[in-house]
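File shown: final37.cif (mmCIF, C-alpha atoms).
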data_entry
#
loop_
_atom_site.label_atom_id
_atom_site.label_comp_id
_atom_site.auth_asym_id
_atom_site.auth_seq_id
_atom_site.Cartn_x
_atom_site.Cartn_y
_atom_site.Cartn_z
CA MET P 478 81.31 156.95 185.98
CA THR P 479 78.66 159.46 184.93
CA GLU P 480 78.86 161.34 181.69
CA LEU P 481 76.59 164.03 180.44
CA PHE P 482 76.38 162.72 176.93
CA GLU P 483 75.86 159.48 175.06
CA ASP P 484 76.54 158.81 171.43
CA GLY P 485 74.38 158.91 168.34
CA ASN P 486 73.52 155.23 168.63
CA VAL P 487 70.74 156.30 171.02
CA LEU P 488 69.01 158.13 168.16
CA ALA P 489 68.35 154.80 166.44
CA GLY P 490 65.06 154.02 168.16
CA PRO P 491 63.49 157.49 168.15
CA ALA P 492 64.58 158.10 164.52
CA GLY P 493 63.28 154.66 163.61
CA GLU P 494 59.78 155.93 164.28
CA ILE P 495 60.26 158.38 161.42
CA PHE P 496 62.60 156.82 158.87
CA ALA P 497 62.19 153.49 157.12
CA VAL P 498 65.97 152.92 157.11
CA ASP P 499 68.47 153.26 159.91
CA ILE P 500 70.06 156.71 159.96
CA THR P 501 72.72 156.13 162.64
CA GLY P 502 75.04 154.96 159.84
CA ALA P 503 74.35 158.11 157.79
CA THR P 504 77.08 160.72 157.43
CA THR P 505 76.32 164.29 158.53
CA ARG P 506 78.26 167.43 157.73
CA CYS P 507 78.34 170.02 160.51
CA VAL P 508 77.23 173.49 159.46
CA GLY P 509 79.49 174.98 162.14
CA CYS P 510 82.88 173.45 161.26
CA GLY P 511 82.31 171.34 158.16
CA ARG P 512 83.35 168.14 159.88
CA ALA P 513 81.77 164.92 158.62
CA ASP P 514 80.72 162.24 161.09
CA VAL P 515 78.46 159.25 161.15
CA VAL P 516 75.33 160.02 163.16
CA ALA P 517 76.35 157.25 165.59
CA ALA P 518 79.44 159.27 166.53
CA LEU P 519 77.62 162.50 167.43
CA ARG P 520 77.40 163.47 171.10
CA VAL P 521 73.83 163.18 172.25
CA TYR P 522 72.55 164.98 175.33
CA PRO P 523 69.38 163.13 176.27
CA HIS P 524 68.48 165.26 179.28
CA ALA P 525 67.49 168.29 177.28
CA PRO P 526 63.82 168.21 176.27
CA GLY P 527 64.19 165.58 173.58
CA LEU P 528 67.53 164.55 172.12
CA VAL P 529 70.20 167.09 171.19
CA ALA P 530 73.06 165.77 169.04
CA ARG P 531 76.22 167.87 168.92
CA CYS P 532 79.31 167.79 166.71
CA PRO P 533 82.24 166.04 168.43
CA GLY P 534 84.54 168.56 166.72
CA CYS P 535 83.06 171.97 167.55
CA ASP P 536 80.13 171.14 169.87
CA ALA P 537 77.59 172.86 167.60
CA VAL P 538 74.09 171.39 167.63
CA VAL P 539 73.74 169.19 164.55
CA VAL P 540 70.38 167.47 165.06
CA LYS P 541 67.52 167.91 167.49
CA LEU P 542 64.72 165.41 167.86
CA VAL P 543 61.78 165.93 170.19
CA ARG P 544 58.97 163.44 170.49
CA GLY P 545 55.68 164.94 171.58
CA PRO P 546 52.50 163.01 172.32
CA ASP P 547 51.22 163.22 168.75
CA ALA P 548 54.16 164.45 166.66
CA ALA P 549 57.93 164.51 166.36
CA TRP P 550 60.01 167.65 165.74
CA LEU P 551 63.17 167.02 163.80
CA ASP P 552 65.49 170.03 163.57
CA LEU P 553 68.29 169.63 161.03
CA THR P 554 69.49 173.26 161.03
CA GLY P 555 72.97 172.18 162.07
CA THR P 556 73.66 169.69 159.31
CA SER P 557 74.33 170.83 155.77
CA SER P 558 73.80 167.34 154.38
CA LEU P 559 72.95 163.79 155.35
CA ARG P 560 74.36 160.94 153.29
CA ILE P 561 72.17 157.93 153.96
CA PRO P 562 73.42 154.50 152.81
CA LEU P 563 70.76 152.67 150.81
CA PRO P 564 70.59 149.40 148.89
CA GLU P 565 71.35 149.68 145.18
CA ALA P 566 68.55 151.36 143.29
CA MET Q 1272 73.15 149.55 155.89
CA VAL Q 1273 70.31 147.87 157.69
CA GLN Q 1274 66.95 147.79 156.08
CA ARG Q 1275 64.08 147.38 158.43
CA PRO Q 1276 61.96 144.51 157.13
CA GLY Q 1277 58.73 145.79 158.65
CA GLY Q 1278 59.23 149.42 157.63
CA ARG Q 1279 59.07 151.90 160.51
CA LEU Q 1280 59.51 150.74 164.08
CA ALA Q 1281 56.62 149.65 166.22
CA TRP Q 1282 56.28 148.61 169.85
CA ARG Q 1283 55.60 144.93 170.45
CA VAL Q 1284 54.84 143.05 173.64
CA GLY Q 1285 57.46 140.52 174.70
CA ARG Q 1286 57.40 138.11 177.62
CA LEU Q 1287 60.24 137.04 179.84
CA ALA Q 1288 61.15 133.43 179.08
CA GLU Q 1289 64.41 132.85 180.97
CA ILE Q 1290 66.68 134.52 183.50
CA HIS Q 1291 70.44 133.93 183.81
CA ASP Q 1292 72.41 135.71 186.50
CA GLU Q 1293 75.78 136.87 185.18
CA THR Q 1294 77.15 138.62 188.27
CA PRO Q 1295 75.58 139.59 191.61
CA THR Q 1296 74.30 142.78 189.94
CA ALA Q 1297 73.79 141.85 186.28
CA ARG Q 1298 71.21 139.57 184.79
CA THR Q 1299 70.53 138.24 181.30
CA LEU Q 1300 66.85 138.35 180.33
CA VAL Q 1301 65.67 136.17 177.47
CA LEU Q 1302 62.43 137.45 175.95
CA ASP Q 1303 59.95 135.90 173.57
CA VAL Q 1304 58.81 138.63 171.19
CA PRO Q 1305 56.10 137.54 168.72
CA GLY Q 1306 56.75 139.14 165.34
CA TRP Q 1307 60.41 140.02 166.06
CA PRO Q 1308 61.93 140.58 162.60
CA GLY Q 1309 65.48 139.38 163.40
CA HIS Q 1310 68.63 141.45 163.88
CA ALA Q 1311 72.38 141.70 163.36
CA ALA Q 1312 75.04 141.35 166.08
CA GLY Q 1313 75.64 144.74 167.67
CA GLN Q 1314 72.11 146.07 167.21
CA HIS Q 1315 69.92 147.29 170.07
CA VAL Q 1316 66.42 147.00 171.38
CA ASP Q 1317 64.40 149.71 173.11
CA VAL Q 1318 62.58 148.58 176.25
CA ARG Q 1319 59.65 150.60 177.60
CA LEU Q 1320 58.06 150.34 181.03
CA THR Q 1321 54.77 151.99 181.91
CA ALA Q 1322 53.85 152.67 185.54
CA ASP Q 1323 50.29 152.38 186.86
CA ASP Q 1324 49.94 156.17 186.66
CA GLY Q 1325 50.93 156.16 182.97
CA TYR Q 1326 54.51 157.39 183.51
CA ARG Q 1327 56.79 155.82 180.92
CA ALA Q 1328 60.53 155.17 180.85
CA THR Q 1329 62.42 153.87 177.82
CA ARG Q 1330 65.94 152.45 177.75
CA THR Q 1331 68.08 151.12 174.93
CA TYR Q 1332 69.90 147.83 175.48
CA SER Q 1333 72.35 145.98 173.29
CA LEU Q 1334 71.16 142.59 172.13
CA ALA Q 1335 73.38 139.90 173.69
CA THR Q 1336 72.72 137.07 171.24
CA PRO Q 1337 72.50 136.76 167.45
CA ALA Q 1338 69.15 136.35 165.71
CA ASP Q 1339 67.24 133.31 166.96
CA GLY Q 1340 63.65 133.44 165.70
CA GLU Q 1341 61.46 135.38 168.11
CA ARG Q 1342 63.90 135.09 171.03
CA VAL Q 1343 66.00 138.05 172.05
CA ALA Q 1344 68.35 138.45 175.02
CA ILE Q 1345 69.66 141.49 176.85
CA THR Q 1346 71.97 141.74 179.88
CA VAL Q 1347 70.99 144.41 182.37
CA GLN Q 1348 73.34 145.87 184.97
CA ARG Q 1349 71.51 147.04 188.07
CA VAL Q 1350 72.12 150.73 188.68
CA PRO Q 1351 71.14 151.63 192.26
CA GLY Q 1352 68.42 154.28 192.24
CA GLY Q 1353 67.77 153.77 188.52
CA GLU Q 1354 64.27 153.95 187.09
CA VAL Q 1355 64.37 150.84 184.95
CA SER Q 1356 67.23 148.50 185.80
CA PRO Q 1357 66.19 147.70 189.42
CA TYR Q 1358 62.79 146.60 188.11
CA LEU Q 1359 64.27 144.51 185.30
CA THR Q 1360 66.86 142.82 187.53
CA GLU Q 1361 64.86 142.35 190.74
CA VAL Q 1362 61.13 142.32 190.04
CA PHE Q 1363 60.56 141.34 186.40
CA GLY Q 1364 59.67 137.61 186.43
CA VAL Q 1365 59.25 134.78 183.95
CA GLY Q 1366 55.99 135.25 182.03
CA ASP Q 1367 55.80 139.00 182.72
CA PRO Q 1368 55.17 141.27 179.71
CA VAL Q 1369 57.30 144.19 178.58
CA GLU Q 1370 57.13 146.51 175.58
CA VAL Q 1371 60.04 146.36 173.14
CA ARG Q 1372 60.83 147.80 169.73
CA GLY Q 1373 63.64 146.94 167.42
CA PRO Q 1374 66.07 146.10 166.21
CA VAL Q 1375 67.54 149.61 166.25
CA GLY Q 1376 70.94 150.85 165.14
CA GLY Q 1377 72.79 149.69 162.07
CA TRP Q 1378 76.27 151.14 162.45
CA PHE Q 1379 77.90 149.28 165.34
CA VAL Q 1380 77.28 145.95 163.63
CA TRP Q 1381 79.36 142.91 162.66
CA ARG Q 1382 78.22 140.65 159.85
CA PRO Q 1383 79.35 137.02 159.54
CA THR Q 1384 79.95 137.52 155.80
CA ALA Q 1385 83.00 139.65 156.70
CA ALA Q 1386 86.20 137.58 156.75
CA ASP Q 1387 88.69 140.20 158.00
CA PRO Q 1388 90.17 140.04 161.50
CA VAL Q 1389 88.14 141.56 164.30
CA LEU Q 1390 89.35 143.26 167.46
CA LEU Q 1391 86.76 143.67 170.19
CA LEU Q 1392 87.47 145.96 173.14
CA ALA Q 1393 84.99 145.95 176.01
CA GLY Q 1394 84.84 148.06 179.13
CA GLY Q 1395 82.56 146.54 181.79
CA ALA Q 1396 78.99 146.12 180.51
CA GLY Q 1397 80.28 147.10 177.07
CA ILE Q 1398 80.89 143.40 176.55
CA VAL Q 1399 77.22 142.80 175.66
CA PRO Q 1400 77.11 143.74 171.94
CA LEU Q 1401 80.62 142.30 171.47
CA MET Q 1402 79.42 139.00 172.95
CA ALA Q 1403 76.62 139.02 170.37
CA MET Q 1404 79.34 139.29 167.69
CA ILE Q 1405 81.33 136.38 169.20
CA ARG Q 1406 78.16 134.30 169.33
CA ALA Q 1407 77.17 135.29 165.78
CA ARG Q 1408 80.62 134.18 164.60
CA ARG Q 1409 80.10 130.81 166.30
CA GLN Q 1410 76.52 130.47 165.04
CA ALA Q 1411 77.57 131.14 161.43
CA GLY Q 1412 80.69 128.95 161.58
CA SER Q 1413 82.69 132.02 160.52
CA ARG Q 1414 86.46 131.70 160.36
CA ALA Q 1415 87.10 135.44 160.79
CA PRO Q 1416 89.81 135.58 163.48
CA PHE Q 1417 88.62 137.39 166.63
CA LYS Q 1418 90.46 138.88 169.57
CA LEU Q 1419 88.67 140.21 172.63
CA ILE Q 1420 90.22 142.51 175.22
CA TYR Q 1421 87.83 142.82 178.15
CA SER Q 1422 88.43 145.36 180.90
CA VAL Q 1423 86.65 144.67 184.20
CA ARG Q 1424 87.08 145.83 187.79
CA THR Q 1425 87.47 142.38 189.37
CA PRO Q 1426 87.15 138.74 188.25
CA GLU Q 1427 83.65 138.67 189.79
CA ASP Q 1428 82.49 141.35 187.33
CA VAL Q 1429 83.05 139.22 184.21
CA TYR Q 1430 79.83 138.59 182.26
CA TYR Q 1431 79.45 135.26 180.37
CA ALA Q 1432 82.46 133.97 182.35
CA GLY Q 1433 81.96 130.26 181.69
CA GLU Q 1434 81.42 130.78 177.98
CA LEU Q 1435 84.46 133.05 177.62
CA ARG Q 1436 86.71 130.62 179.52
CA ARG Q 1437 85.91 127.78 177.12
CA PRO Q 1438 88.61 127.57 174.45
CA GLU Q 1439 87.28 128.44 171.00
CA ALA Q 1440 89.25 128.18 167.74
CA GLY Q 1441 89.95 131.58 166.27
CA LEU Q 1442 88.97 133.55 169.39
CA ASP Q 1443 91.57 134.93 171.81
CA VAL Q 1444 90.30 136.40 175.06
CA THR Q 1445 92.37 138.70 177.28
CA VAL Q 1446 90.93 140.10 180.50
CA VAL Q 1447 92.38 143.27 182.02
CA HIS Q 1448 91.50 143.90 185.70
CA THR Q 1449 91.35 147.49 186.89
CA ARG Q 1450 90.79 147.00 190.63
CA LYS Q 1451 91.67 143.44 191.64
CA GLY Q 1452 93.12 140.56 189.62
CA PRO Q 1453 92.61 136.84 190.13
CA VAL Q 1454 94.63 135.36 193.01
CA ASP Q 1455 96.32 132.79 190.79
CA ARG Q 1456 97.62 135.33 188.29
CA PRO Q 1457 100.38 137.81 188.94
CA GLY Q 1458 100.29 141.34 187.62
CA GLU Q 1459 99.10 144.60 189.08
CA PRO Q 1460 95.53 145.65 188.39
CA HIS Q 1461 95.63 148.56 185.94
CA ARG Q 1462 93.58 150.52 183.47
CA ILE Q 1463 93.90 149.42 179.87
CA GLY Q 1464 96.91 150.97 178.15
CA VAL Q 1465 98.91 150.97 174.94
CA ALA Q 1466 100.84 147.84 176.00
CA ASP Q 1467 97.61 145.84 176.51
CA VAL Q 1468 96.19 146.80 173.13
CA ASN Q 1469 99.51 146.33 171.39
CA THR Q 1470 100.15 142.90 172.93
CA ALA Q 1471 96.68 141.40 172.87
CA GLY Q 1472 95.29 143.09 169.77
CA TRP Q 1473 95.99 142.79 166.05
CA PRO Q 1474 98.78 144.76 164.41
CA ALA Q 1475 97.39 147.71 162.45
CA GLU Q 1476 98.85 146.19 159.24
CA PHE Q 1477 96.22 143.44 159.46
CA SER Q 1478 93.52 146.13 159.06
CA PRO Q 1479 91.15 144.59 161.57
CA GLN Q 1480 87.65 145.87 162.11
CA CYS Q 1481 87.73 147.32 165.64
CA PHE Q 1482 84.67 147.56 167.87
CA VAL Q 1483 85.01 149.48 171.13
CA CYS Q 1484 82.18 149.59 173.67
CA GLY Q 1485 82.13 150.85 177.24
CA PRO Q 1486 81.89 153.99 179.35
CA THR Q 1487 82.93 157.23 177.65
CA GLY Q 1488 86.35 157.43 179.33
CA PHE Q 1489 87.21 153.88 178.30
CA VAL Q 1490 86.01 154.39 174.74
CA GLU Q 1491 87.97 157.61 174.25
CA THR Q 1492 91.16 156.13 175.73
CA VAL Q 1493 90.98 152.96 173.66
CA ALA Q 1494 90.00 154.69 170.41
CA ASN Q 1495 92.97 157.07 170.85
CA ILE Q 1496 95.33 154.15 171.52
CA LEU Q 1497 94.14 152.34 168.39
CA VAL Q 1498 94.67 155.38 166.21
CA ALA Q 1499 98.09 156.00 167.81
CA LEU Q 1500 99.02 152.40 167.00
CA GLY Q 1501 98.24 153.09 163.35
CA HIS Q 1502 94.71 151.76 163.00
CA ASP Q 1503 92.56 153.52 160.41
CA PRO Q 1504 90.00 155.62 162.33
CA ARG Q 1505 87.38 154.53 159.80
CA ARG Q 1506 87.91 150.93 160.94
CA VAL Q 1507 87.33 151.84 164.58
CA LYS Q 1508 83.68 151.82 165.59
CA THR Q 1509 82.71 152.99 169.03
CA GLU Q 1510 79.70 152.89 171.27
CA ARG Q 1511 79.57 154.53 174.65
CA PHE Q 1512 77.17 154.42 177.54
CA GLY Q 1513 75.86 157.50 179.09
CA PRO Q 1514 73.91 158.06 182.25
CA SER Q 1515 70.71 156.56 180.87
CA GLY Q 1516 71.87 153.00 181.40
CA SER Q 1517 69.86 153.19 184.60
#
Final structure tokens representation of the file:
Amino acid sequence: MTELFEDGNVLAGPAGEIFAVDITGATTRCVGCGRADVVAALRVYPHAPGLVARCPGCDAVVVKLVRGPDAAWLDLTGTSSLRIPLPEA
Amino acid sequence: MVQRPGGRLAWRVGRLAEIHDETPTARTLVLDVPGWPGHAAGQHVDVRLTADDGYRATRTYSLATPADGERVAITVQRVPGGEVSPYLTEVFGVGDPVEVRGPVGGWFVWRPTAADPVLLLAGGAGIVPLMAMIRARRQAGSRAPFKLIYSVRTPEDVYYAGELRRPEAGLDVTVVHTRKGPVDRPGEPHRIGVADVNTAGWPAEFSPQCFVCGPTGFVETVANILVALGHDPRRVKTERFGPSGS
């Protein structure tokens, strides 16, 4: 079976280059419809240039991550917040 | 939450230590990775190949075994015409180097400190991270009761067949065949349905942690069945493959 999208688990490696903690367990809130999801549950389209993660509820783009040769572009326009689990301060 | 001991991720060079064929088209690769920081069952590793002309291809694989020093194992299904899997399953030999980084992912993870019942639902190659959980349970001497429902096309497609056939206290294994069943067992081959999950799984009142891994169609079907049977959606974790498993 071929599907066009994967899930947010595939963001773990590329995002791991940027963040010191795993963000696939973080909760996002979609700007489009307000739905909250863990990043791992977003729909990721890896065949765009870079990775495009969409809301499973309304299909709006929540996160975009493009890795260039010497920089990464992280576009968070589609998420109004990211709740990132951390160890106790 | 998974904290990365070494801070941000870096590529390391691993070497192939052992090969185990699981099916005619799937192979377990055991790698020695100096500096590997350890991992939890359900986490992944990124594997990167570089061609002579500099072209690079990266794939994410589930780790098949729990943490074991600098040893990590993945099981790769050969996808005809794929960029990476034909090399890994046909050409990559013992002693050969490969770039890896990890562990990655911290959401689809089972920890042996959890005592609640666990329901694992695998579609095809989706068994790999769930097998890591079964092995982590065994390694830790955990008494958390496990049930596995494993959907495969035919009996020949079962990964880790010998290990899953061996009786193990606290682990129930049910195999659902979608194309062809074993000759010695009656029952029509069928796709997994409510009756399978209801009969071979835990009742929702037990509040099991549910882990579902497989192709998108399988994952959506099974996650919907679990919720329809009364399982809390927050207790149902899913992981699906897309086209990049090549």
>> Taking the file as I've supplied it (selection: the PyMOL selection byres ((chain Q and resi 1450) around 10)), which residues are included? Please answer as a PyMOL selection string.
In response: chain Q and resi 1423-1426+1447-1449+1451-1452+1459-1462
Could you make a table, as a tab-separated table, of the residues of range 487-539 of chain P that have an atom within 12 Å of an atom of range 1305-1314 of chain Q, each with its nearest atom pair and distance in Å to one decimal, counting only C-alpha atoms, in chain and number order?
residue	atom	partner	partner_atom	distance
P:Val487	CA	Q:Gln1314	CA	11.0
P:Ala489	CA	Q:Gln1314	CA	9.5
P:Gly490	CA	Q:Gln1314	CA	10.7
P:Asp499	CA	Q:Gln1314	CA	10.9
P:Thr501	CA	Q:Gln1314	CA	11.1
P:Gly502	CA	Q:Gln1314	CA	11.9
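If you look at CA of Arg544 in chain P and CA of Arg531 in chain P, they are 17.9 Å away from each other.
Across the structure, CA of Pro562 in chain P and CA of Pro1374 in chain Q are spaced 17.4 Å apart.
Residues from chain P found within 8 Å of chain Q are Met478, Thr479, Glu480, Leu481, Phe482, Glu483, Asp484, Asn486, Val487, Ala489, Gly490, Gly493, Glu494, Ile495, Phe496, Ala497, Val498, Asp499, Ile500, Thr501, Gly502, Ala517, Ala518, Pro562, Leu563 and Pro564 of chain P, counting all atoms listed in the file.
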>> Taking 6 positions as the minimum chain separation for residues in the same chain, which residues sit within 12 Å of Asn1495 in chain Q when counting all atoms listed in the file? Answer as a ChimeraX atom specification.
In response: /Q:1463-1465,1468,1483,1488-1489,1501-1504,1507-1509
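Minimum distance to Glu1476 in chain Q across Q:Ala1396, Q:Leu1500, Q:Val1454, Q:Val1490 (counting all atoms listed in the file) occurs at Q:Leu1500.
Taken over the shown file, the PyMOL selection byres ((chain Q and resi 1481) around 6) identifies Q:Val1389, Q:Leu1390, Q:Leu1391, Q:Pro1479, Q:Gln1480, Q:Phe1482, Q:Arg1506, Q:Val1507.
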Taking every listed atom of range 526-535 of chain P and adding 4 Å to each side, what centre and edge lengths in Å (one decimal) does the axis-aligned box have, as JSON?
{"center_x": 74.2, "center_y": 168.3, "center_z": 171.5, "size_x": 28.7, "size_y": 15.4, "size_z": 17.6}
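The space between CA of Cys532 in chain P and CA of Arg512 in chain P spans 7.9 Å.
Comparing Q:Val1365, Q:Leu1359, Q:Ile1496, Q:Leu1401 by their smallest distance to Thr1296 in chain Q, the closest is Q:Leu1359 (using all atoms listed in the file).
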What would range 518-549 of chain P look like with N, CA and C atoms restored, written as a PDB file, keeping the file's coordinate frame?
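Result saved to rebuild28.pdb:
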ATOM      1  N   ALA P 518      78.313 158.692 165.798  1.00  0.00           N
ATOM      2  CA  ALA P 518      79.440 159.270 166.530  1.00  0.00           C
ATOM      3  C   ALA P 518      79.147 160.647 167.101  1.00  0.00           C
ATOM      4  N   LEU P 519      77.962 161.196 166.848  1.00  0.00           N
ATOM      5  CA  LEU P 519      77.620 162.500 167.430  1.00  0.00           C
ATOM      6  C   LEU P 519      77.470 162.355 168.946  1.00  0.00           C
ATOM      7  N   ARG P 520      77.580 163.489 169.645  1.00  0.00           N
ATOM      8  CA  ARG P 520      77.400 163.470 171.100  1.00  0.00           C
ATOM      9  C   ARG P 520      75.962 163.842 171.410  1.00  0.00           C
ATOM     10  N   VAL P 521      75.249 162.935 172.007  1.00  0.00           N
ATOM     11  CA  VAL P 521      73.830 163.180 172.250  1.00  0.00           C
ATOM     12  C   VAL P 521      73.596 163.476 173.727  1.00  0.00           C
ATOM     13  N   TYR P 522      72.899 164.584 173.965  1.00  0.00           N
ATOM     14  CA  TYR P 522      72.550 164.980 175.330  1.00  0.00           C
ATOM     15  C   TYR P 522      71.071 164.666 175.521  1.00  0.00           C
ATOM     16  N   PRO P 523      70.778 163.568 176.198  1.00  0.00           N
ATOM     17  CA  PRO P 523      69.380 163.130 176.270  1.00  0.00           C
ATOM     18  C   PRO P 523      68.592 163.834 177.358  1.00  0.00           C
ATOM     19  N   HIS P 524      69.230 164.663 178.173  1.00  0.00           N
ATOM     20  CA  HIS P 524      68.480 165.260 179.280  1.00  0.00           C
ATOM     21  C   HIS P 524      67.909 166.624 178.953  1.00  0.00           C
ATOM     22  N   ALA P 525      68.233 167.126 177.751  1.00  0.00           N
ATOM     23  CA  ALA P 525      67.490 168.290 177.280  1.00  0.00           C
ATOM     24  C   ALA P 525      66.070 167.797 176.978  1.00  0.00           C
ATOM     25  N   PRO P 526      65.113 168.703 176.758  1.00  0.00           N
ATOM     26  CA  PRO P 526      63.820 168.210 176.270  1.00  0.00           C
ATOM     27  C   PRO P 526      64.069 167.553 174.912  1.00  0.00           C
ATOM     28  N   GLY P 527      63.879 166.270 174.823  1.00  0.00           N
ATOM     29  CA  GLY P 527      64.190 165.580 173.580  1.00  0.00           C
ATOM     30  C   GLY P 527      65.668 165.239 173.512  1.00  0.00           C
ATOM     31  N   LEU P 528      66.141 164.977 172.317  1.00  0.00           N
ATOM     32  CA  LEU P 528      67.530 164.550 172.120  1.00  0.00           C
ATOM     33  C   LEU P 528      68.259 165.636 171.339  1.00  0.00           C
ATOM     34  N   VAL P 529      69.402 166.066 171.859  1.00  0.00           N
ATOM     35  CA  VAL P 529      70.200 167.090 171.190  1.00  0.00           C
ATOM     36  C   VAL P 529      71.541 166.460 170.810  1.00  0.00           C
ATOM     37  N   ALA P 530      71.819 166.391 169.502  1.00  0.00           N
ATOM     38  CA  ALA P 530      73.060 165.770 169.040  1.00  0.00           C
ATOM     39  C   ALA P 530      74.026 166.847 168.600  1.00  0.00           C
ATOM     40  N   ARG P 531      75.223 166.833 169.198  1.00  0.00           N
ATOM     41  CA  ARG P 531      76.220 167.870 168.920  1.00  0.00           C
ATOM     42  C   ARG P 531      77.413 167.290 168.172  1.00  0.00           C
ATOM     43  N   CYS P 532      78.107 168.158 167.465  1.00  0.00           N
ATOM     44  CA  CYS P 532      79.310 167.790 166.710  1.00  0.00           C
ATOM     45  C   CYS P 532      80.449 167.479 167.676  1.00  0.00           C
ATOM     46  N   PRO P 533      81.113 166.336 167.548  1.00  0.00           N
ATOM     47  CA  PRO P 533      82.240 166.040 168.430  1.00  0.00           C
ATOM     48  C   PRO P 533      83.444 166.964 168.170  1.00  0.00           C
ATOM     49  N   GLY P 534      83.433 167.668 167.032  1.00  0.00           N
ATOM     50  CA  GLY P 534      84.540 168.560 166.720  1.00  0.00           C
ATOM     51  C   GLY P 534      84.372 169.937 167.343  1.00  0.00           C
ATOM     52  N   CYS P 535      83.215 170.574 167.110  1.00  0.00           N
ATOM     53  CA  CYS P 535      83.060 171.970 167.550  1.00  0.00           C
ATOM     54  C   CYS P 535      81.912 172.162 168.530  1.00  0.00           C
ATOM     55  N   ASP P 536      81.205 171.074 168.870  1.00  0.00           N
ATOM     56  CA  ASP P 536      80.130 171.140 169.870  1.00  0.00           C
ATOM     57  C   ASP P 536      78.870 171.854 169.382  1.00  0.00           C
ATOM     58  N   ALA P 537      78.819 172.239 168.106  1.00  0.00           N
ATOM     59  CA  ALA P 537      77.590 172.860 167.600  1.00  0.00           C
ATOM     60  C   ALA P 537      76.468 171.815 167.551  1.00  0.00           C
ATOM     61  N   VAL P 538      75.230 172.294 167.704  1.00  0.00           N
ATOM     62  CA  VAL P 538      74.090 171.390 167.630  1.00  0.00           C
ATOM     63  C   VAL P 538      73.883 170.976 166.165  1.00  0.00           C
ATOM     64  N   VAL P 539      73.877 169.685 165.912  1.00  0.00           N
ATOM     65  CA  VAL P 539      73.740 169.190 164.550  1.00  0.00           C
ATOM     66  C   VAL P 539      72.295 168.739 164.280  1.00  0.00           C
ATOM     67  N   VAL P 540      71.739 168.015 165.230  1.00  0.00           N
ATOM     68  CA  VAL P 540      70.380 167.470 165.060  1.00  0.00           C
ATOM     69  C   VAL P 540      69.643 167.596 166.383  1.00  0.00           C
ATOM     70  N   LYS P 541      68.370 167.970 166.305  1.00  0.00           N
ATOM     71  CA  LYS P 541      67.520 167.910 167.490  1.00  0.00           C
ATOM     72  C   LYS P 541      66.291 167.088 167.161  1.00  0.00           C
ATOM     73  N   LEU P 542      65.907 166.242 168.073  1.00  0.00           N
ATOM     74  CA  LEU P 542      64.720 165.410 167.860  1.00  0.00           C
ATOM     75  C   LEU P 542      63.891 165.415 169.143  1.00  0.00           C
ATOM     76  N   VAL P 543      62.672 165.897 169.039  1.00  0.00           N
ATOM     77  CA  VAL P 543      61.780 165.930 170.190  1.00  0.00           C
ATOM     78  C   VAL P 543      60.521 165.152 169.844  1.00  0.00           C
ATOM     79  N   ARG P 544      60.178 164.232 170.707  1.00  0.00           N
ATOM     80  CA  ARG P 544      58.970 163.440 170.490  1.00  0.00           C
ATOM     81  C   ARG P 544      57.873 163.969 171.389  1.00  0.00           C
ATOM     82  N   GLY P 545      56.826 164.517 170.808  1.00  0.00           N
ATOM     83  CA  GLY P 545      55.680 164.940 171.580  1.00  0.00           C
ATOM     84  C   GLY P 545      54.641 163.841 171.584  1.00  0.00           C
ATOM     85  N   PRO P 546      53.515 164.076 172.242  1.00  0.00           N
ATOM     86  CA  PRO P 546      52.500 163.010 172.320  1.00  0.00           C
ATOM     87  C   PRO P 546      51.957 162.620 170.946  1.00  0.00           C
ATOM     88  N   ASP P 547      51.833 163.575 170.028  1.00  0.00           N
ATOM     89  CA  ASP P 547      51.220 163.220 168.750  1.00  0.00           C
ATOM     90  C   ASP P 547      52.038 163.660 167.548  1.00  0.00           C
ATOM     91  N   ALA P 548      53.312 164.035 167.775  1.00  0.00           N
ATOM     92  CA  ALA P 548      54.160 164.450 166.660  1.00  0.00           C
ATOM     93  C   ALA P 548      55.622 164.421 167.074  1.00  0.00           C
ATOM     94  N   ALA P 549      56.486 164.393 166.091  1.00  0.00           N
ATOM     95  CA  ALA P 549      57.930 164.510 166.360  1.00  0.00           C
ATOM     96  C   ALA P 549      58.438 165.764 165.683  1.00  0.00           C
TER      97      ALA P 549
END
